[in-house]
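Have a look at model-v2.cif; it's mmCIF, C-alpha atoms and all ligand atoms:
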```cif
data_query
loop_
_atom_site.label_atom_id
_atom_site.label_comp_id
_atom_site.auth_asym_id
_atom_site.auth_seq_id
_atom_site.Cartn_x
_atom_site.Cartn_y
_atom_site.Cartn_z
CA THR A 1 0.40 -42.73 21.76
CA VAL A 2 0.70 -43.20 18.01
CA LEU A 3 1.92 -39.63 17.64
CA GLN A 4 4.73 -40.12 20.17
CA ARG A 5 5.75 -43.36 18.52
CA THR A 6 5.96 -41.67 15.12
CA LYS A 7 8.10 -38.91 16.57
CA MET A 8 10.44 -41.43 18.19
CA ASP A 9 10.77 -43.50 15.06
CA SER A 10 11.57 -40.55 12.85
CA GLY A 11 14.03 -39.20 15.43
CA ALA A 12 12.38 -35.80 15.13
CA LEU A 13 12.21 -33.37 18.01
CA GLU A 14 9.53 -30.99 19.10
CA VAL A 15 10.04 -27.37 18.19
CA GLY A 16 11.82 -25.31 20.82
CA LYS A 17 9.03 -23.28 22.39
CA SER A 18 9.44 -25.19 25.63
CA ASN A 19 13.20 -25.46 25.93
CA GLU A 20 13.69 -28.37 23.56
CA LEU A 21 15.66 -27.63 20.45
CA ASP A 22 14.39 -27.70 16.89
CA ILE A 23 17.23 -29.62 15.24
CA THR A 24 16.84 -27.77 11.93
CA SER A 25 18.09 -24.56 13.51
CA THR A 26 21.52 -25.96 14.34
CA SER A 27 22.36 -28.56 11.71
CA GLY A 28 23.92 -28.13 8.32
CA GLY A 29 27.19 -26.48 9.26
CA ASN A 30 25.68 -23.01 9.63
CA SER A 31 26.76 -20.37 12.12
CA ALA A 32 25.18 -22.26 15.04
CA ASP A 33 28.14 -24.63 14.67
CA SER A 34 30.47 -22.05 16.16
CA ILE A 35 28.40 -21.03 19.19
CA PRO A 36 30.27 -22.16 22.31
CA THR A 37 28.09 -24.86 23.82
CA LEU A 38 28.27 -26.99 26.95
CA ALA A 39 26.47 -30.33 26.80
CA PHE A 40 25.95 -31.86 30.23
CA PRO A 41 24.25 -34.97 31.59
CA SER A 42 22.06 -34.86 34.68
CA ILE A 43 24.65 -35.34 37.42
CA SER A 44 23.93 -38.06 40.04
CA THR A 45 20.43 -39.03 38.90
CA ALA A 46 21.12 -42.53 37.51
CA ASP A 47 23.79 -44.68 39.13
CA PHE A 48 24.02 -42.28 42.11
CA GLN A 49 20.20 -42.44 42.60
CA PHE A 50 19.57 -38.76 43.38
CA ASN A 51 15.87 -37.75 43.50
CA LEU A 52 14.75 -36.46 40.07
CA GLU A 53 12.35 -33.75 41.30
CA LYS A 54 15.01 -32.26 43.55
CA ALA A 55 17.70 -32.55 40.86
CA SER A 56 15.50 -30.85 38.25
CA ASP A 57 14.86 -27.91 40.61
CA ILE A 58 18.59 -27.52 41.15
CA ILE A 59 19.46 -27.73 37.44
CA VAL A 60 16.96 -25.01 36.55
CA GLU A 61 18.04 -22.85 39.51
CA LYS A 62 21.72 -23.07 38.53
CA VAL A 63 21.06 -22.52 34.81
CA GLU A 64 19.08 -19.39 35.70
CA GLU A 65 21.95 -18.18 37.89
CA PHE A 66 24.62 -18.64 35.21
CA ILE A 67 22.79 -17.86 31.99
CA SER A 68 23.51 -14.12 32.16
CA ARG A 69 27.23 -14.85 32.51
CA ILE A 70 27.77 -17.02 29.43
CA GLY A 71 27.25 -14.35 26.76
CA LYS A 72 26.26 -15.91 23.44
CA ALA A 73 27.14 -19.40 24.65
CA ARG A 74 24.61 -22.15 25.30
CA LEU A 75 23.92 -24.82 27.94
CA VAL A 76 22.33 -28.09 26.86
CA LEU A 77 21.04 -30.84 29.17
CA VAL A 78 21.40 -34.18 27.39
CA ASP A 79 19.97 -37.63 28.00
CA LEU A 80 19.79 -40.82 25.98
CA SER A 81 16.08 -41.40 25.55
CA GLN A 82 13.07 -39.49 24.32
CA GLY A 83 11.21 -40.69 27.43
CA SER A 84 13.81 -39.25 29.86
CA LYS A 85 12.04 -38.13 33.04
CA ILE A 86 14.76 -35.66 33.99
CA LEU A 87 14.60 -33.98 30.57
CA SER A 88 10.84 -33.54 30.74
CA LEU A 89 10.94 -32.21 34.32
CA VAL A 90 13.68 -29.70 33.48
CA LYS A 91 12.04 -28.67 30.22
CA THR A 92 8.76 -27.89 32.00
CA LYS A 93 10.41 -26.01 34.88
CA ALA A 94 12.68 -23.99 32.58
CA ALA A 95 9.67 -22.95 30.49
CA GLN A 96 7.78 -21.92 33.65
CA LYS A 97 10.68 -19.67 34.58
CA ASN A 98 10.85 -18.22 31.05
CA ILE A 99 14.46 -19.22 30.58
CA ASP A 100 15.61 -18.28 27.06
CA SER A 101 15.27 -21.49 25.00
CA ASN A 102 18.01 -20.37 22.59
CA LYS A 103 20.52 -20.35 25.44
CA PHE A 104 19.29 -23.35 27.39
CA PHE A 105 17.47 -26.40 26.10
CA THR A 106 17.14 -30.14 26.60
CA PHE A 107 18.34 -32.55 23.93
CA VAL A 108 18.01 -36.28 23.27
CA GLY A 109 21.19 -38.01 22.15
CA ASP A 110 24.38 -39.79 23.13
CA ILE A 111 26.68 -37.10 24.54
CA THR A 112 29.62 -38.72 22.69
CA ARG A 113 27.82 -38.51 19.32
CA LEU A 114 26.03 -35.18 19.37
CA HIS A 115 27.65 -33.73 16.27
CA SER A 116 28.00 -36.86 14.15
CA GLN A 117 24.56 -38.30 14.93
CA ARG A 118 22.40 -35.33 15.90
CA GLY A 119 23.98 -32.35 14.13
CA LEU A 120 24.58 -30.43 17.37
CA HIS A 121 28.10 -29.12 17.86
CA CYS A 122 29.11 -28.88 21.53
CA ASN A 123 32.71 -27.82 22.09
CA VAL A 124 32.59 -28.74 25.77
CA ILE A 125 30.98 -31.80 27.36
CA ALA A 126 30.54 -32.61 31.03
CA ASN A 127 31.05 -36.04 32.54
CA ALA A 128 29.30 -37.48 35.62
CA ALA A 129 32.55 -38.90 36.95
CA ASN A 130 33.62 -41.14 39.85
CA TRP A 131 35.96 -39.95 42.60
CA ARG A 132 38.99 -41.76 41.16
CA LEU A 133 38.43 -40.23 37.70
CA LYS A 134 38.68 -43.72 36.27
CA PRO A 135 37.27 -45.00 32.96
CA GLY A 136 34.51 -47.59 32.94
CA GLY A 137 31.95 -48.18 35.67
CA GLY A 138 28.99 -47.70 33.35
CA GLY A 139 26.78 -44.71 32.56
CA VAL A 140 28.00 -41.57 30.86
CA ASN A 141 31.50 -41.93 32.40
CA ALA A 142 32.16 -45.21 30.59
CA ALA A 143 30.75 -43.82 27.33
CA ILE A 144 32.90 -40.67 27.40
CA PHE A 145 36.17 -42.43 28.29
CA LYS A 146 35.52 -45.06 25.63
CA ALA A 147 34.70 -42.52 22.91
CA ALA A 148 37.63 -40.25 23.79
CA GLY A 149 40.23 -43.01 23.77
CA SER A 150 43.44 -43.05 25.80
CA ALA A 151 44.02 -39.33 25.16
CA LEU A 152 41.40 -38.47 27.79
CA GLU A 153 42.82 -40.84 30.40
CA ILE A 154 46.29 -39.37 29.95
CA ALA A 155 45.10 -35.74 29.96
CA THR A 156 42.91 -36.37 33.02
CA LYS A 157 45.83 -37.81 35.01
CA GLU A 158 47.84 -34.67 34.27
CA LYS A 159 45.12 -32.51 35.83
CA ALA A 160 44.00 -34.52 38.87
CA VAL A 161 44.07 -37.98 40.42
CA SER A 162 40.81 -37.73 42.36
CA LEU A 163 37.80 -35.49 42.91
CA SER A 164 35.69 -34.62 45.97
CA PRO A 165 31.89 -34.51 45.75
CA GLY A 166 30.69 -31.14 44.43
CA LYS A 167 33.94 -30.42 42.58
CA SER A 168 34.93 -30.50 38.92
CA VAL A 169 38.09 -30.52 36.82
CA ILE A 170 38.55 -29.16 33.29
CA VAL A 171 40.51 -31.40 30.93
CA PRO A 172 41.59 -30.07 27.52
CA LEU A 173 41.31 -32.81 24.91
CA SER A 174 44.21 -33.43 22.56
CA SER A 175 43.53 -33.32 18.82
CA SER A 176 44.42 -37.01 18.62
CA SER A 177 41.20 -37.94 20.42
CA PRO A 178 38.31 -39.19 18.24
CA LEU A 179 36.01 -37.05 20.36
CA PHE A 180 37.97 -34.00 19.16
CA THR A 181 38.28 -34.97 15.49
CA ARG A 182 34.81 -36.46 14.99
CA GLU A 183 32.68 -34.40 17.39
CA GLY A 184 34.63 -31.17 17.78
CA VAL A 185 34.93 -31.51 21.56
CA THR A 186 37.88 -29.46 22.88
CA HIS A 187 37.29 -29.89 26.63
CA VAL A 188 35.78 -32.45 28.97
CA ILE A 189 34.73 -31.25 32.43
CA HIS A 190 34.60 -34.09 34.94
CA VAL A 191 32.07 -33.47 37.72
CA LEU A 192 31.56 -35.52 40.87
CA GLY A 193 28.03 -35.28 42.20
CA PRO A 194 26.54 -36.44 45.50
CA ASN A 195 26.01 -40.19 45.83
CA MET A 196 22.79 -41.63 47.29
CA ASN A 197 23.55 -45.22 46.24
CA PRO A 198 24.62 -47.45 49.20
CA MET A 199 26.64 -49.60 46.78
CA ARG A 200 28.94 -46.67 45.87
CA PRO A 201 31.56 -44.76 47.94
CA ASP A 202 30.57 -41.78 50.12
CA CYS A 203 26.87 -42.63 50.23
CA LEU A 204 24.78 -39.86 51.84
CA LYS A 205 21.91 -42.30 52.55
CA ASP A 206 18.84 -40.08 52.62
CA ASP A 207 20.56 -36.86 53.68
CA TYR A 208 19.11 -34.54 51.04
CA VAL A 209 20.15 -31.42 52.95
CA GLN A 210 23.75 -32.35 52.32
CA GLY A 211 22.92 -33.95 48.95
CA CYS A 212 21.23 -30.82 47.56
CA LYS A 213 24.09 -28.64 48.83
CA ILE A 214 26.64 -30.82 47.03
CA LEU A 215 24.60 -30.99 43.82
CA ARG A 216 24.35 -27.17 43.79
CA GLU A 217 28.12 -26.95 44.29
CA ALA A 218 28.66 -29.45 41.47
CA TYR A 219 26.65 -27.39 38.96
CA SER A 220 28.24 -24.12 40.12
CA SER A 221 31.66 -25.63 39.64
CA LEU A 222 30.71 -27.03 36.21
CA PHE A 223 29.22 -23.77 34.93
CA GLU A 224 32.12 -21.70 36.38
CA GLY A 225 34.45 -24.01 34.49
CA PHE A 226 32.54 -23.49 31.25
CA VAL A 227 32.53 -19.69 31.78
CA SER A 228 36.32 -19.81 32.21
CA ILE A 229 36.68 -21.70 28.90
CA VAL A 230 34.45 -19.41 26.82
CA ARG A 231 35.94 -16.17 28.18
N1 LIG A 301 24.83 -39.73 26.69
C1 LIG A 301 23.99 -38.89 27.36
N2 LIG A 301 23.52 -39.14 28.59
C2 LIG A 301 23.87 -40.29 29.17
C3 LIG A 301 24.73 -41.24 28.54
C4 LIG A 301 25.22 -40.90 27.24
N3 LIG A 301 26.04 -41.72 26.56
N4 LIG A 301 24.89 -42.30 29.39
C5 LIG A 301 24.17 -42.03 30.49
N5 LIG A 301 23.54 -40.84 30.37
P1 LIG A 301 25.18 -41.78 35.33
P2 LIG A 301 25.63 -40.62 38.01
C6 LIG A 301 22.70 -40.13 31.37
O1 LIG A 301 24.71 -43.05 35.94
O2 LIG A 301 24.24 -40.92 38.43
C7 LIG A 301 29.37 -44.07 36.72
O3 LIG A 301 29.59 -45.43 36.80
C8 LIG A 301 21.86 -40.95 32.31
O4 LIG A 301 20.63 -41.36 31.70
O5 LIG A 301 26.16 -41.87 34.21
O6 LIG A 301 26.20 -39.28 38.34
C9 LIG A 301 30.53 -43.25 37.29
O7 LIG A 301 31.75 -43.92 37.21
C10 LIG A 301 21.63 -39.97 33.45
O8 LIG A 301 20.58 -39.06 33.10
O9 LIG A 301 25.89 -40.82 36.44
C11 LIG A 301 30.11 -42.97 38.72
O10 LIG A 301 30.57 -43.97 39.58
C12 LIG A 301 22.96 -39.18 33.50
O11 LIG A 301 23.60 -39.45 32.23
C13 LIG A 301 28.59 -43.00 38.67
O12 LIG A 301 28.23 -43.75 37.50
C14 LIG A 301 23.91 -39.55 34.63
O13 LIG A 301 23.90 -40.95 34.84
C15 LIG A 301 27.97 -41.63 38.56
O14 LIG A 301 26.56 -41.74 38.66
#
```

Go ahead and express the file in the form of C-alpha cells.
Amino acid sequence: TVLQRTKMDSGALEVGKSNELDITSTSGGNSADSIPTLAFPSISTADFQFNLEKASDIIVEKVEEFISRIGKARLVLVDLSQGSKILSLVKTKAAQKNIDSNKFFTFVGDITRLHSQRGLHCNVIANAANWRLKPGGGGVNAAIFKAAGSALEIATKEKAVSLSPGKSVIVPLSSSSPLFTREGVTHVIHVLGPNMNPMRPDCLKDDYVQGCKILREAYSSLFEGFVSIVR
C-alpha cells in the first residue's frame, strides 16, 4: 500500500505496542544506550531453510522462558527488511502472549550497523554461524565477520574450533574491532542452528522433531550465554 511504502521510504518504524520498537525511545544517547541488549538474527531460517512458522513459535517460547531471568536487559530479534516474514510472525505471537515490549521487540536493520545506522545500542550480538566457525559463506555470518575484522576471527579461534548443532560459544570482542569502536559491541555469541538444507553439512532433511529440539537448544544456549554476560 501507499502507507507502507511511505513508512519504508522514511525508514520509520511503527510504535511499539506490538513488540516493535519506537526508535525515538532509544536514540539520542539517552539512558537506553546503557541497557544491556542482545540483538539476534532468526537462527536457521534463511540459508538453513528451517520452517518459519515453527521457528517463530520456538523464538517466542524461548523468549518467554528467559525474559524473567535477564533483569533490566533486553532481547531484540533483528532482520534486514521491513517485509521480513519471521519478524512479523514473531511480533504477532509475542503480542498474543503479552510479552513485555520494552524487554523484547523486533527490529529492522543490519545487525552490524544497529548503533551507527539505527540508533540502537546492542552490547551483544548473536551470529547464525557454521560448524567450522569460519568467516564468509553468506548471510549474517559473512556480514558479522566482515564488519568485525580479523579481531573476531582471532578471538573465535581462541575459544573454539568448531560447534555442534544446538550449541553456542561466547567470544569477547577486542577494542581494536570496528564492531566494538563503532557499534559498541563487546561480545559476539556464535550459534549453530539445525540445518534443513541438503546442500549444507548435517542436513536433517524433513526431521522437524529433531530440528525443533535442536533449535530450542540453540536459543537456550544463546540466552544462557547472554544471561552469563549481563550478570
Ligand atoms: N543483519 C540482520 N539480519 C541478517 C543479516 C544482517 N546483516 N544478514 C542476514 N540476516 P542466515 P542460517 C538474517 O542465512 O539460516 C551462513 O552461510 C536473515 O534474513 O544468515 O542460520 C553460515 O555460514 C535470516 O533472517 O543463517 C551458515 O552456513 C537470519 O539472518 C548458514 O548461513 C539468518 O539467516 C546459516 O544459515

With all atoms listed in the file counted and 8 Å as the cut-off, give the residues of chain A in contact with ligand LIG 301 (chain A), each with its shortest interatomic distance in Å and the pair that gives it, as a Markdown table.
```
| residue | atom | partner | partner_atom | distance |
| --- | --- | --- | --- | --- |
| A:Phe40 | CA | A:LIG301 | C1 | 7.8 |
| A:Pro41 | CA | A:LIG301 | O11 | 4.6 |
| A:Ser42 | CA | A:LIG301 | C12 | 4.6 |
| A:Ile43 | CA | A:LIG301 | O6 | 4.3 |
| A:Ser44 | CA | A:LIG301 | O6 | 3.1 |
| A:Thr45 | CA | A:LIG301 | O2 | 4.3 |
| A:Ala46 | CA | A:LIG301 | O2 | 3.6 |
| A:Asp47 | CA | A:LIG301 | O1 | 3.7 |
| A:Phe48 | CA | A:LIG301 | O2 | 3.9 |
| A:Gln49 | CA | A:LIG301 | O2 | 6.0 |
| A:Phe50 | CA | A:LIG301 | O2 | 7.1 |
| A:Val78 | CA | A:LIG301 | C1 | 5.4 |
| A:Asp79 | CA | A:LIG301 | N2 | 3.9 |
| A:Leu80 | CA | A:LIG301 | C1 | 4.8 |
| A:Ser81 | CA | A:LIG301 | O4 | 7.7 |
| A:Ser84 | CA | A:LIG301 | O4 | 7.4 |
| A:Ile86 | CA | A:LIG301 | O8 | 6.8 |
| A:Val108 | CA | A:LIG301 | C1 | 7.7 |
| A:Gly109 | CA | A:LIG301 | C1 | 6.0 |
| A:Asp110 | CA | A:LIG301 | N1 | 3.6 |
| A:Ile111 | CA | A:LIG301 | N1 | 3.9 |
| A:Thr112 | CA | A:LIG301 | N3 | 6.1 |
| A:Asn127 | CA | A:LIG301 | O5 | 7.8 |
| A:Ala128 | CA | A:LIG301 | O6 | 4.5 |
| A:Ala129 | CA | A:LIG301 | C9 | 4.8 |
| A:Asn130 | CA | A:LIG301 | C11 | 4.1 |
| A:Trp131 | CA | A:LIG301 | O10 | 7.4 |
| A:Leu133 | CA | A:LIG301 | O7 | 7.6 |
| A:Lys134 | CA | A:LIG301 | O7 | 7.0 |
| A:Pro135 | CA | A:LIG301 | O7 | 7.0 |
| A:Gly136 | CA | A:LIG301 | O7 | 6.3 |
| A:Gly137 | CA | A:LIG301 | O3 | 3.8 |
| A:Gly138 | CA | A:LIG301 | O3 | 4.2 |
| A:Gly139 | CA | A:LIG301 | O5 | 3.3 |
| A:Val140 | CA | A:LIG301 | N4 | 3.5 |
| A:Asn141 | CA | A:LIG301 | C9 | 5.2 |
| A:Ala142 | CA | A:LIG301 | O3 | 6.7 |
| A:Ala143 | CA | A:LIG301 | N3 | 5.2 |
| A:Ile144 | CA | A:LIG301 | N3 | 7.0 |
| A:Leu192 | CA | A:LIG301 | O6 | 7.0 |
| A:Gly193 | CA | A:LIG301 | O6 | 5.9 |
| A:Pro194 | CA | A:LIG301 | O6 | 7.7 |
| A:Asn195 | CA | A:LIG301 | O14 | 7.4 |
| A:Arg200 | CA | A:LIG301 | O10 | 7.0 |
```

Checklist entry - By how many Å are atom CA of A:Glu65 and atom CA of A:Val188 apart? => result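 Distance between the two atoms: 21.8 Å.
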
Closest contacts (stretch 12-119 of chain A/stretch 208-218 of chain A, max 8 Å, all atoms listed in the file) as a Markdown table:
```
| residue | atom | partner | partner_atom | distance |
| --- | --- | --- | --- | --- |
| A:Ile43 | CA | A:Leu215 | CA | 7.7 |
| A:Lys54 | CA | A:Cys212 | CA | 7.5 |
| A:Ala55 | CA | A:Leu215 | CA | 7.7 |
| A:Ile58 | CA | A:Arg216 | CA | 6.3 |
| A:Lys62 | CA | A:Arg216 | CA | 7.2 |
```

Next on the checklist: Using Å and a single decimal, report how far atom CA of A:Asn98 sits from atom CA of A:Val124.
Outcome noted: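 Computing it gives 24.7 Å between the two atoms.
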
Next on the checklist: Could you list, as a list in words, every residue within 8 Å of A:Ile189, counting only C-alpha atoms and ignoring same-chain residues fewer than 5 positions away?
Outcome noted: Val124, Ile125, Ala126, Asn127, Ser168, Val169, Ile170, Val171, Leu222 and Gly225 of chain A

Item to check | Atomic distance atom CA of A:Arg74 - atom CA of A:Thr156, expressed in Å with one decimal | outcome: 24.4 Å

At a cut-off of 7 Å, using all atoms listed in the file, what residues contact stretch 174-178 of chain A? Leave out same-chain residues fewer than 3 positions from it and give the result as a PDB file with C-alpha atoms, in the coordinates of the input.
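Heads up, here's the output in around-v1.pdb:
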```pdb
ATOM      1  CA  ALA A 147      34.700 -42.520  22.910  1.00  0.00           C
ATOM      2  CA  ALA A 148      37.630 -40.250  23.790  1.00  0.00           C
ATOM      3  CA  GLY A 149      40.230 -43.010  23.770  1.00  0.00           C
ATOM      4  CA  ALA A 151      44.020 -39.330  25.160  1.00  0.00           C
ATOM      5  CA  THR A 181      38.280 -34.970  15.490  1.00  0.00           C
ATOM      6  CA  ARG A 182      34.810 -36.460  14.990  1.00  0.00           C
TER       7      ARG A 182
END
```

Take every atom of stretch 147-151 of chain A listed in the file, pad by 3 Å on each side, and give me the axis-aligned box centre and edge lengths in Å, one decimal, as AutoDock Vina command-line options.
```
--center_x 39.4 --center_y -41.2 --center_z 24.4 --size_x 15.3 --size_y 9.7 --size_z 8.9
```

Item to check | Residue contacts of A:Ile67 (9 Å, all atoms listed in the file) excluding same-chain residues fewer than 3 positions away, as a list in words | outcome: Lys62, Val63, Glu64, Ile70, Gly71, Ala73, Arg74, Leu75, Ile99, Asp100, Lys103 and Phe104 of chain A

Checklist entry - Of the candidates A:Ala39, A:Leu152, A:Val76, A:Val90, which shows the shortest atom-to-atom distance to A:Val60, using all atoms listed in the file? => result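 When distances to A:Val60 are compared using all atoms listed in the file, the smallest one comes from A:Val90.
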
Checklist entry - Nearest to A:Phe66 among A:Ile35, A:Leu52, A:Val191, A:Val227, with distances taken over all atoms listed in the file: which residue is it? => result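 Smallest separation from A:Phe66 among the options: A:Val227.
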